[in-house]
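Student: Data: target.cif, mmCIF, C-alpha atoms.
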data_structure
loop_
_atom_site.label_atom_id
_atom_site.label_comp_id
_atom_site.auth_asym_id
_atom_site.auth_seq_id
_atom_site.Cartn_x
_atom_site.Cartn_y
_atom_site.Cartn_z
CA MET A 1289 -6.96 36.08 8.73
CA THR A 1290 -3.45 35.27 9.86
CA ARG A 1291 -2.17 31.89 10.95
CA GLY A 1292 -1.78 33.15 14.52
CA GLN A 1293 -5.47 33.97 14.71
CA TYR A 1294 -6.29 30.27 14.25
CA SER A 1295 -3.94 28.95 16.92
CA ASP A 1296 -6.44 29.26 19.79
CA TRP A 1297 -9.25 27.56 17.88
CA ARG A 1298 -10.07 23.87 17.92
CA MET A 1299 -10.17 21.82 14.72
CA GLU A 1300 -13.96 22.13 14.38
CA THR A 1301 -13.79 25.93 14.49
CA ARG A 1302 -10.82 26.21 12.15
CA ALA A 1303 -12.61 24.12 9.54
CA VAL A 1304 -15.57 26.52 9.54
CA HIS A 1305 -13.71 29.85 9.60
CA ALA A 1306 -10.21 29.41 8.14
CA GLY A 1307 -9.66 31.34 4.91
CA ARG A 1308 -12.58 33.73 5.29
CA LEU A 1309 -12.32 37.49 4.96
CA ILE A 1310 -12.43 39.81 7.97
CA PRO A 1311 -12.96 43.58 8.18
CA GLY A 1312 -9.80 45.41 7.16
CA ASP A 1313 -8.45 42.46 5.18
CA ASP A 1314 -6.20 43.69 2.37
CA ARG A 1315 -7.77 41.13 0.03
CA ASP A 1316 -11.08 42.97 0.03
CA ARG A 1317 -11.45 46.72 0.46
CA ARG A 1318 -15.23 46.90 0.03
CA PRO A 1319 -17.31 48.34 2.91
CA PHE A 1320 -19.03 44.97 3.37
CA ILE A 1321 -17.59 41.50 3.98
CA PRO A 1322 -19.18 38.41 2.37
CA THR A 1323 -19.61 35.59 4.85
CA VAL A 1324 -18.71 33.13 2.08
CA PRO A 1325 -15.36 33.74 0.34
CA PRO A 1326 -16.00 35.01 -3.21
CA ILE A 1327 -14.87 33.34 -6.43
CA HIS A 1328 -12.32 35.33 -8.44
CA PRO A 1329 -12.28 33.83 -11.95
CA SER A 1330 -9.97 36.50 -13.42
CA VAL A 1331 -6.74 35.25 -15.00
CA THR A 1332 -5.01 38.65 -14.94
CA TYR A 1333 -4.94 41.62 -12.55
CA TYR A 1334 -4.03 45.24 -13.01
CA TYR A 1335 -2.97 47.90 -10.53
CA GLY A 1336 -3.35 51.65 -10.39
CA ARG A 1337 0.31 52.20 -11.16
CA MET A 1338 2.90 50.17 -13.03
CA GLU A 1339 5.19 50.40 -10.01
CA ASP A 1340 2.57 48.51 -7.97
CA LEU A 1341 2.20 45.86 -10.66
CA ASP A 1342 5.97 45.47 -10.84
CA ALA A 1343 6.20 45.13 -7.06
CA ALA A 1344 3.45 42.49 -7.06
CA PHE A 1345 5.71 40.13 -9.01
CA ASP A 1346 8.30 40.19 -6.22
CA ALA A 1347 5.80 40.03 -3.36
CA GLU A 1348 3.72 37.10 -4.68
CA GLY A 1349 0.91 39.51 -5.43
CA TYR A 1350 -1.84 38.66 -7.88
CA VAL A 1351 -0.60 39.24 -11.42
CA TYR A 1352 -1.50 36.04 -13.30
CA ALA A 1353 -3.60 33.07 -12.24
CA ARG A 1354 -0.74 30.60 -12.69
CA HIS A 1355 1.13 32.58 -10.03
CA GLY A 1356 -1.78 32.81 -7.61
CA SER A 1357 -5.46 33.61 -7.15
CA PRO A 1358 -7.37 35.14 -4.21
CA THR A 1359 -9.81 32.21 -4.15
CA VAL A 1360 -7.02 29.64 -4.24
CA ALA A 1361 -5.13 31.58 -1.56
CA ALA A 1362 -8.15 31.39 0.75
CA LEU A 1363 -8.22 27.62 0.34
CA GLU A 1364 -4.47 27.35 0.93
CA GLU A 1365 -4.78 29.39 4.11
CA ALA A 1366 -7.56 27.14 5.36
CA VAL A 1367 -5.73 23.85 4.71
CA ALA A 1368 -2.54 25.22 6.28
CA ALA A 1369 -4.55 26.13 9.37
CA LEU A 1370 -6.02 22.63 9.63
CA GLU A 1371 -2.62 20.98 9.26
CA GLU A 1372 -0.98 23.57 11.55
CA GLY A 1373 1.51 24.43 8.82
CA GLU A 1374 3.08 27.74 7.85
CA THR A 1375 2.02 27.66 4.22
CA ALA A 1376 0.12 25.54 1.69
CA MET A 1377 -0.11 25.34 -2.07
CA ALA A 1378 -3.00 23.96 -4.11
CA PHE A 1379 -2.70 21.87 -7.28
CA ALA A 1380 -4.99 20.58 -10.00
CA SER A 1381 -4.97 17.03 -8.58
CA GLY A 1382 -3.56 14.94 -5.78
CA MET A 1383 -1.02 13.40 -8.17
CA ALA A 1384 0.16 16.86 -9.26
CA ALA A 1385 0.65 17.66 -5.56
CA VAL A 1386 2.69 14.49 -4.97
CA HIS A 1387 4.85 15.17 -8.04
CA ALA A 1388 5.42 18.81 -7.07
CA ALA A 1389 6.37 17.94 -3.50
CA LEU A 1390 8.91 15.38 -4.73
CA LEU A 1391 10.48 17.91 -7.10
CA ALA A 1392 10.48 20.70 -4.51
CA ALA A 1393 12.19 18.36 -2.06
CA GLY A 1394 15.01 17.77 -4.55
CA ALA A 1395 14.13 14.59 -6.46
CA ARG A 1396 15.99 14.76 -9.78
CA ALA A 1397 18.46 12.79 -11.89
CA GLY A 1398 21.30 11.42 -9.78
CA THR A 1399 19.39 11.55 -6.47
CA ALA A 1400 17.63 8.78 -4.59
CA VAL A 1401 14.12 8.45 -3.15
CA VAL A 1402 13.09 5.89 -0.55
CA ALA A 1403 9.34 5.24 -0.55
CA ALA A 1404 6.77 2.96 1.00
CA ARG A 1405 6.27 -0.19 -1.05
CA ASP A 1406 2.48 -0.20 -0.76
CA LEU A 1407 1.44 3.20 -2.08
CA TYR A 1408 -1.51 4.39 -4.12
CA GLY A 1409 -1.05 2.84 -7.56
CA ALA A 1410 -0.52 6.13 -9.41
CA THR A 1411 2.09 7.27 -6.87
CA TYR A 1412 3.87 3.95 -7.25
CA LEU A 1413 3.90 4.39 -11.03
CA LEU A 1414 5.11 7.99 -10.76
CA LEU A 1415 8.12 6.74 -8.83
CA ASP A 1416 8.73 3.41 -10.50
CA ARG A 1417 8.15 4.46 -14.11
CA LEU A 1418 8.46 8.23 -14.57
CA LEU A 1419 11.07 9.23 -11.99
CA ARG A 1420 13.17 6.13 -12.60
CA SER A 1421 13.16 6.91 -16.33
CA GLN A 1422 14.45 10.39 -15.51
CA GLY A 1423 17.43 9.11 -13.56
CA VAL A 1424 16.09 8.99 -10.00
CA ASN A 1425 17.17 5.98 -7.94
CA VAL A 1426 13.94 4.72 -6.32
CA ARG A 1427 14.04 2.23 -3.46
CA PHE A 1428 10.78 0.76 -2.16
CA VAL A 1429 10.65 -0.47 1.45
CA ASP A 1430 8.22 -1.85 4.00
CA VAL A 1431 7.75 1.26 6.18
CA THR A 1432 6.48 -0.88 9.06
CA ASP A 1433 9.99 -2.38 9.23
CA LEU A 1434 12.07 0.49 10.60
CA ALA A 1435 15.29 -1.49 10.26
CA GLU A 1436 14.65 -1.97 6.54
CA VAL A 1437 13.91 1.75 6.12
CA GLU A 1438 17.11 2.72 7.92
CA ALA A 1439 19.20 0.26 5.94
CA ALA A 1440 17.87 1.66 2.66
CA CYS A 1441 18.52 5.25 3.75
CA ALA A 1442 22.04 4.37 4.86
CA GLU A 1443 22.77 2.71 1.52
CA VAL A 1444 21.37 5.27 -0.96
CA CYS A 1445 21.36 8.53 1.09
CA PRO A 1446 17.97 9.71 -0.27
CA VAL A 1447 16.78 13.27 -0.69
CA VAL A 1448 13.23 12.10 0.09
CA LEU A 1449 11.50 9.53 2.28
CA LEU A 1450 7.86 9.26 1.11
CA VAL A 1451 5.10 7.44 3.02
CA GLU A 1452 1.34 7.43 3.44
CA THR A 1453 0.04 7.84 7.00
CA VAL A 1454 -2.40 5.03 6.25
CA SER A 1455 -1.49 3.13 3.09
CA ASN A 1456 -3.73 2.55 0.09
CA PRO A 1457 -5.26 -0.05 0.03
CA LEU A 1458 -3.61 -2.26 2.68
CA LEU A 1459 -4.13 0.29 5.48
CA LYS A 1460 -0.67 -0.07 6.98
CA VAL A 1461 0.00 2.65 9.56
CA ALA A 1462 3.30 4.53 9.39
CA ASP A 1463 5.17 5.38 12.59
CA LEU A 1464 5.58 9.02 11.63
CA PRO A 1465 7.85 10.21 14.50
CA ALA A 1466 10.24 7.27 14.06
CA LEU A 1467 10.32 7.62 10.28
CA ALA A 1468 10.90 11.38 10.52
CA GLU A 1469 13.89 10.74 12.76
CA ILE A 1470 15.35 8.26 10.28
CA ALA A 1471 14.79 10.57 7.31
CA HIS A 1472 16.43 13.53 8.98
CA ARG A 1473 19.35 11.45 10.24
CA TYR A 1474 20.28 10.81 6.61
CA GLY A 1475 19.48 14.31 5.36
CA ALA A 1476 16.24 13.39 3.60
CA ALA A 1477 13.05 15.44 3.47
CA PHE A 1478 10.15 13.53 4.98
CA LEU A 1479 7.02 13.59 2.77
CA VAL A 1480 3.72 12.29 4.16
CA ASP A 1481 0.54 11.70 2.18
CA ASN A 1482 -2.10 12.30 4.84
CA THR A 1483 -5.15 11.80 2.61
CA PHE A 1484 -6.59 8.76 4.39
CA ALA A 1485 -6.00 10.04 7.93
CA THR A 1486 -6.98 13.70 7.37
CA PRO A 1487 -5.76 16.43 9.75
CA TYR A 1488 -8.58 15.38 12.08
CA LEU A 1489 -6.69 12.21 13.05
CA VAL A 1490 -3.10 13.41 12.84
CA ARG A 1491 -1.06 16.42 11.75
CA PRO A 1492 2.26 15.05 10.47
CA LEU A 1493 4.12 18.39 10.49
CA SER A 1494 3.97 18.34 14.29
CA LEU A 1495 5.58 14.87 14.20
CA GLY A 1496 8.52 15.79 11.98
CA ALA A 1497 7.18 15.80 8.42
CA ASP A 1498 8.59 18.41 6.02
CA PHE A 1499 5.77 18.20 3.47
CA VAL A 1500 2.20 17.00 3.99
CA ILE A 1501 0.24 16.05 0.88
CA HIS A 1502 -3.50 15.67 0.35
CA SER A 1503 -5.64 14.55 -2.50
CA GLY A 1504 -8.24 17.23 -1.86
CA THR A 1505 -10.61 15.23 -4.04
CA LYS A 1506 -11.13 12.91 -1.11
CA TYR A 1507 -12.01 13.89 2.48
CA LEU A 1508 -11.13 17.59 2.27
CA GLY A 1509 -13.67 18.17 -0.52
CA GLY A 1510 -15.83 15.29 0.59
CA HIS A 1511 -18.59 15.48 -2.02
CA GLY A 1512 -17.10 13.86 -5.12
CA ASP A 1513 -17.39 17.05 -7.18
CA VAL A 1514 -13.87 18.50 -7.30
CA LEU A 1515 -10.43 17.27 -8.37
CA ALA A 1516 -7.63 18.88 -6.34
CA GLY A 1517 -4.40 18.43 -4.43
CA VAL A 1518 -2.71 20.40 -1.64
CA VAL A 1519 0.81 20.45 -0.21
CA VAL A 1520 1.45 21.96 3.25
CA THR A 1521 4.99 22.86 4.26
CA SER A 1522 7.19 25.45 5.98
CA ALA A 1523 7.63 29.04 4.83
CA ALA A 1524 11.29 28.22 4.10
CA ARG A 1525 10.27 25.58 1.55
CA ARG A 1526 7.52 27.63 -0.09
CA GLU A 1527 9.75 29.22 -2.74
CA ALA A 1528 10.89 25.85 -4.09
CA LEU A 1529 7.30 24.62 -4.23
CA MET A 1530 6.12 27.83 -5.91
CA GLU A 1531 8.79 27.54 -8.60
CA VAL A 1532 7.58 24.03 -9.40
CA LEU A 1533 3.95 25.17 -9.56
CA LYS A 1534 4.66 28.15 -11.80
CA THR A 1535 6.73 26.15 -14.26
CA MET A 1536 4.69 22.94 -14.19
CA GLY A 1537 1.40 24.82 -14.49
CA ALA A 1538 -0.68 22.31 -12.54
CA ASN A 1539 -2.72 25.08 -10.93
CA LEU A 1540 -6.06 24.64 -9.24
CA GLY A 1541 -8.85 26.73 -10.78
CA PRO A 1542 -10.85 29.22 -8.68
CA MET A 1543 -14.14 27.32 -8.98
CA GLU A 1544 -12.47 24.10 -7.81
CA ALA A 1545 -10.78 25.97 -4.96
CA TRP A 1546 -14.14 27.43 -3.89
CA LEU A 1547 -15.82 24.01 -3.95
CA LEU A 1548 -13.00 22.51 -1.91
CA LEU A 1549 -13.14 25.35 0.60
CA ARG A 1550 -16.89 24.82 0.92
CA GLY A 1551 -16.32 21.12 1.54
CA LEU A 1552 -13.79 21.87 4.28
CA ARG A 1553 -16.44 23.58 6.38
CA THR A 1554 -18.08 20.25 7.22
CA LEU A 1555 -14.90 18.14 7.36
CA VAL A 1556 -15.06 17.35 11.07
CA LEU A 1557 -18.78 16.54 11.05
CA ARG A 1558 -18.34 14.22 8.08
CA VAL A 1559 -15.27 12.32 9.21
CA GLU A 1560 -16.51 11.80 12.75
CA ARG A 1561 -19.54 10.01 11.30
CA GLN A 1562 -17.54 8.15 8.64
CA PHE A 1563 -14.82 6.95 11.00
CA ALA A 1564 -17.33 5.70 13.58
CA SER A 1565 -19.33 3.90 10.91
CA ALA A 1566 -16.18 2.38 9.39
CA GLN A 1567 -15.33 0.89 12.78
CA ALA A 1568 -18.77 -0.74 12.90
CA VAL A 1569 -18.47 -2.01 9.31
CA ALA A 1570 -15.04 -3.49 10.01
CA ARG A 1571 -16.28 -5.36 13.09
CA TRP A 1572 -19.31 -6.66 11.20
CA LEU A 1573 -17.21 -7.86 8.25
CA GLU A 1574 -14.70 -9.58 10.52
CA ALA A 1575 -17.51 -11.72 11.91
CA HIS A 1576 -19.04 -12.56 8.51
CA PRO A 1577 -18.54 -16.14 7.26
CA ARG A 1578 -17.91 -15.05 3.65
CA ILE A 1579 -15.03 -12.77 4.56
CA ALA A 1580 -11.53 -14.21 4.74
CA ARG A 1581 -9.71 -11.19 6.17
CA VAL A 1582 -10.42 -7.60 7.23
CA LEU A 1583 -7.80 -4.84 7.31
CA TYR A 1584 -8.72 -1.88 9.51
CA PRO A 1585 -6.47 -0.09 12.02
CA GLY A 1586 -9.30 0.07 14.55
CA LEU A 1587 -9.44 -3.71 14.91
CA PRO A 1588 -7.21 -5.41 17.52
CA SER A 1589 -6.31 -7.90 14.77
CA HIS A 1590 -4.59 -5.16 12.74
CA PRO A 1591 -0.77 -5.40 13.00
CA GLN A 1592 -0.40 -1.68 13.79
CA HIS A 1593 -3.46 -1.31 16.01
CA ASP A 1594 -1.46 -0.14 19.04
CA LEU A 1595 0.50 2.33 16.92
CA ALA A 1596 -2.75 3.69 15.47
CA LEU A 1597 -4.11 4.19 18.99
CA ARG A 1598 -1.04 6.22 19.95
CA LEU A 1599 -0.81 8.15 16.68
CA PHE A 1600 -4.50 9.06 16.36
CA GLY A 1601 -5.15 9.74 20.03
CA GLY A 1602 -8.48 7.92 20.22
CA ARG A 1603 -10.13 10.15 17.59
CA GLY A 1604 -10.82 7.20 15.29
CA PHE A 1605 -9.04 5.05 12.73
CA GLY A 1606 -10.17 6.33 9.35
CA GLY A 1607 -13.08 5.72 7.04
CA ILE A 1608 -11.57 3.04 4.78
CA VAL A 1609 -12.00 -0.70 5.32
CA THR A 1610 -10.26 -3.28 3.14
CA PHE A 1611 -11.39 -6.90 3.11
CA GLU A 1612 -11.01 -10.12 1.14
CA LEU A 1613 -13.85 -12.30 -0.02
CA LYS A 1614 -13.25 -15.93 0.90
CA ASP A 1615 -12.04 -18.11 -1.99
CA ALA A 1616 -12.81 -15.34 -4.47
CA GLY A 1617 -11.29 -13.97 -7.64
CA ARG A 1618 -12.32 -11.35 -10.15
CA GLU A 1619 -15.58 -13.04 -11.14
CA GLU A 1620 -16.82 -13.37 -7.57
CA VAL A 1621 -15.82 -9.78 -6.71
CA PHE A 1622 -17.64 -8.45 -9.77
CA ARG A 1623 -20.75 -10.43 -8.81
CA PHE A 1624 -20.62 -9.02 -5.27
CA MET A 1625 -20.23 -5.44 -6.49
CA ASP A 1626 -22.99 -5.80 -9.08
CA ARG A 1627 -25.42 -6.81 -6.32
CA LEU A 1628 -24.84 -3.63 -4.27
CA ARG A 1629 -27.70 -1.11 -4.27
CA LEU A 1630 -26.67 1.56 -1.75
CA CYS A 1631 -22.89 1.27 -1.89
CA VAL A 1632 -21.57 2.68 -5.16
CA PRO A 1633 -18.80 0.92 -7.15
CA ALA A 1634 -16.67 3.98 -7.99
CA THR A 1635 -13.00 4.88 -8.13
CA SER A 1636 -12.55 7.34 -5.29
CA LEU A 1637 -12.98 7.66 -1.54
CA GLY A 1638 -13.85 10.12 1.20
CA ASP A 1639 -17.21 10.96 -0.38
CA VAL A 1640 -20.44 11.45 1.58
CA GLN A 1641 -21.76 8.32 -0.13
CA THR A 1642 -20.27 4.90 0.48
CA LEU A 1643 -17.96 3.88 -2.36
CA VAL A 1644 -16.65 0.39 -3.08
CA LEU A 1645 -13.57 -0.26 -5.18
CA TYR A 1646 -11.74 -3.30 -6.58
CA PRO A 1647 -8.03 -2.38 -6.23
CA ALA A 1648 -6.74 -5.01 -8.66
CA ARG A 1649 -8.79 -3.49 -11.49
CA SER A 1650 -8.84 0.21 -10.51
CA SER A 1651 -6.39 1.95 -8.14
CA HIS A 1652 -3.63 -0.60 -8.94
CA ARG A 1653 -4.82 -1.63 -12.41
CA SER A 1654 -1.64 -0.37 -14.13
CA LEU A 1655 0.59 -2.64 -12.06
CA THR A 1656 1.44 -6.09 -13.33
CA PRO A 1657 -0.13 -9.10 -11.57
CA GLU A 1658 3.33 -9.86 -10.17
CA GLU A 1659 3.70 -6.33 -8.80
CA ARG A 1660 0.27 -6.48 -7.17
CA ALA A 1661 1.03 -9.86 -5.64
CA SER A 1662 4.33 -8.59 -4.24
CA LEU A 1663 2.46 -5.73 -2.55
CA GLY A 1664 -0.16 -8.08 -1.09
CA ILE A 1665 -3.06 -6.93 -3.29
CA THR A 1666 -5.04 -10.07 -4.00
CA GLU A 1667 -7.69 -10.83 -6.62
CA GLY A 1668 -10.33 -11.15 -3.90
CA MET A 1669 -9.59 -7.80 -2.22
CA VAL A 1670 -12.22 -5.05 -1.93
CA ARG A 1671 -11.85 -1.53 -0.51
CA ILE A 1672 -14.83 0.28 0.96
CA SER A 1673 -14.93 4.00 1.74
CA VAL A 1674 -17.68 4.40 4.29
CA GLY A 1675 -20.01 7.36 3.76
CA ILE A 1676 -22.34 9.30 6.04
CA GLU A 1677 -25.44 7.15 5.44
CA ALA A 1678 -27.03 5.27 8.33
CA VAL A 1679 -24.61 2.47 9.11
CA GLU A 1680 -27.53 0.03 9.43
CA ASP A 1681 -28.38 0.63 5.77
CA ILE A 1682 -24.77 0.16 4.71
CA LEU A 1683 -24.58 -3.16 6.55
CA ALA A 1684 -27.89 -4.33 5.11
CA ASP A 1685 -26.66 -3.60 1.59
CA LEU A 1686 -23.40 -5.48 2.19
CA GLU A 1687 -25.30 -8.43 3.67
CA GLU A 1688 -27.59 -8.70 0.68
CA ALA A 1689 -24.68 -8.47 -1.79
CA LEU A 1690 -22.71 -11.13 0.08
CA LYS A 1691 -25.59 -13.59 -0.34
CA GLY A 1692 -24.96 -13.76 -4.09
#
Translate this file's structure into structure tokens.

Tutor:
Amino acid sequence: MTRGQYSDWRMETRAVHAGRLIPGDDRDRRPFIPTVPPIHPSVTYYYGRMEDLDAAFDAEGYVYARHGSPTVAALEEAVAALEEGETAMAFASGMAAVHAALLAAGARAGTAVVAARDLYGATYLLLDRLLRSQGVNVRFVDVTDLAEVEAACAEVCPVVLLVETVSNPLLKVADLPALAEIAHRYGAAFLVDNTFATPYLVRPLSLGADFVIHSGTKYLGGHGDVLAGVVVTSAARREALMEVLKTMGANLGPMEAWLLLRGLRTLVLRVERQFASAQAVARWLEAHPRIARVLYPGLPSHPQHDLALRLFGGRGFGGIVTFELKDAGREEVFRFMDRLRLCVPATSLGDVQTLVLYPARSSHRSLTPEERASLGITEGMVRISVGIEAVEDILADLEEALKG
């Protein structure tokens, strides 16, 4: 199906149908059409004539799996439709997607990148360790301080401004339209990691982003059984992204693409439940005597609550809640997590089951204690990704664990 055929459909309908085959589709010439997109595990493809094979190289036809796959293409079409983008490209992981988007946007020796200070730990390391070592000038800023962002852009003239819509794990909300304006004023590409928000809450391309990045492992897949990343961008930027993918070789396999596409079908149903339950969990935690602080954009106490209301249009505030145990360090956090029965201590998010994570020893483990402290990640901080279970059972499990 073409992108135009999705434009009249609402998000719920796009999630179910985007990427499927239709009668007359050039991707499938059989007299029947499978209602579920098929898996194409083949690495190579041949054509009836060598002229057709030769032409396929120039037209992004299927010649070799590192250059493209019908199953992966169906997934890319679906994610592009959800994000209302012109094109998408899938990668073997969310980190591969972040790296590829940075390279496609022009990050290389002698250039500068301005990025949010509180990013996912691996993204922070990619910038601070790897790209710095390769000659990229990396400047970290507080993206909630627009004056600081503008001053950094004016000073270093970056090729990229990179932010997360909702930051990991401090849940700061980025003012995407204002940041896009700043980035473009200084000639920078605006890259947005939209993993936490999902296209259900906001579609950054419509607000000025040039690249939107997802760890498909999280909400897009939603079942904790596939590792993947996706970048959505304009048709004009596709060639640069494709060159990175073909040379870097961080391709998504067809089975993973099929699993991710299957997960997309229930995206809206899942996140509606998760986001509503997260709101209830955040309110409950804020009133609990053993909790020192709760970070959740849906709470009036959150510094960017009003911005989140405007940006997300009342559709919710995400499924992640971050909180701090009162007067707690590593030992107390471990004791709390060991007492959980329903909530699972595991290093991911966006799953159908509720997952609890200790940022200081997992997502930001590779940072030094000083780096974590400078970001505001404390030893008593816990991040919970709320699942689709009955919220009453989630709260009962948290209550019992907090008694320890």

Student: Once the PyMOL selection byres ((chain A and resi 1538) around 6) is applied to the coordinates I shared, what remains selected? I want it as a PyMOL selection string.

Tutor: chain A and resi 1379-1380+1536-1537+1539

Student: From the list A:Leu1479, A:Ala1361, A:Val1514, A:Leu1459, which residue is nearest His1593 of chain A when using only C-alpha atoms?

Tutor: A:Leu1459

Student: Would you work out the distance separating atom CA of Val1640 of chain A from atom CA of Thr1505 of chain A, expressed in Å to one decimal?

Tutor: 11.9 Å

Student: Near Gly1356 of chain A, counting only C-alpha atoms, which residues have an atom at most 10 Å away, once you skip same-chain residues fewer than 4 positions from it, shown as an NGL selection string?

Tutor: :A and (1331-1332 or 1348-1352 or 1360-1361 or 1377-1378 or 1530 or 1533-1534 or 1539-1542)

Student: Evaluate the PyMOL selection byres ((chain A and resi 1493) around 9) against this structure - the residues, as a list in words, please.

Tutor: Glu1371, Glu1372, Gly1373, Val1480, Arg1491, Pro1492, Ser1494, Leu1495, Gly1496, Ala1497, Asp1498, Phe1499, Val1500, Val1520, Thr1521 and Ser1522 of chain A

Student: How many Å separate atom CA of Tyr1334 of chain A from atom CA of Ala1353 of chain A?

Tutor: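 Calculated distance between atom CA of Tyr1334 of chain A and atom CA of Ala1353 of chain A is 12.2 Å.
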
Student: What's the 8 Å shell around Leu1630 of chain A, counting only C-alpha atoms, without same-chain residues fewer than 6 positions away, as a list in words?

Tutor: Thr1642, Asp1681, Ile1682 and Asp1685 of chain A

Student: Counting all atoms listed in the file, which of A:Arg1405, A:His1387, A:Lys1691, A:Lys1460 gets nearest to Leu1529 of chain A?

Tutor: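 The shortest atom-to-atom distance to Leu1529 of chain A comes from A:His1387.
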
Student: What's around Ala1648 of chain A at 8 Å? Count only C-alpha atoms, leave out sequence neighbours fewer than 6 positions away in its own chain, and write the answer as a list in words.

Tutor: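 Neighbouring residues, sequence-local ones excluded: Arg1660, Ile1665, Thr1666, Glu1667 and Met1669 of chain A.
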
Student: So the first atom is atom CA of Leu1434 of chain A and the second is atom CA of Gly1475 of chain A; what is the distance between them in Å, to one decimal place?

Tutor: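 Distance between the two atoms: 16.5 Å.
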
Student: Would you kindly return, as a list in words, each protein, DNA or RNA residue with an atom no farther than 10 Å from any atom of Phe1563 of chain A, considering all atoms listed in the file and excluding same-chain residues fewer than 3 positions away?

Tutor: Ala1485, Leu1489, Arg1558, Val1559, Glu1560, Ala1566, Gln1567, Ala1568, Val1569, Gly1586, Arg1603, Gly1604, Phe1605, Gly1606, Gly1607, Ile1608, Val1609, Ser1673, Val1674, Gly1675 and Ile1676 of chain A
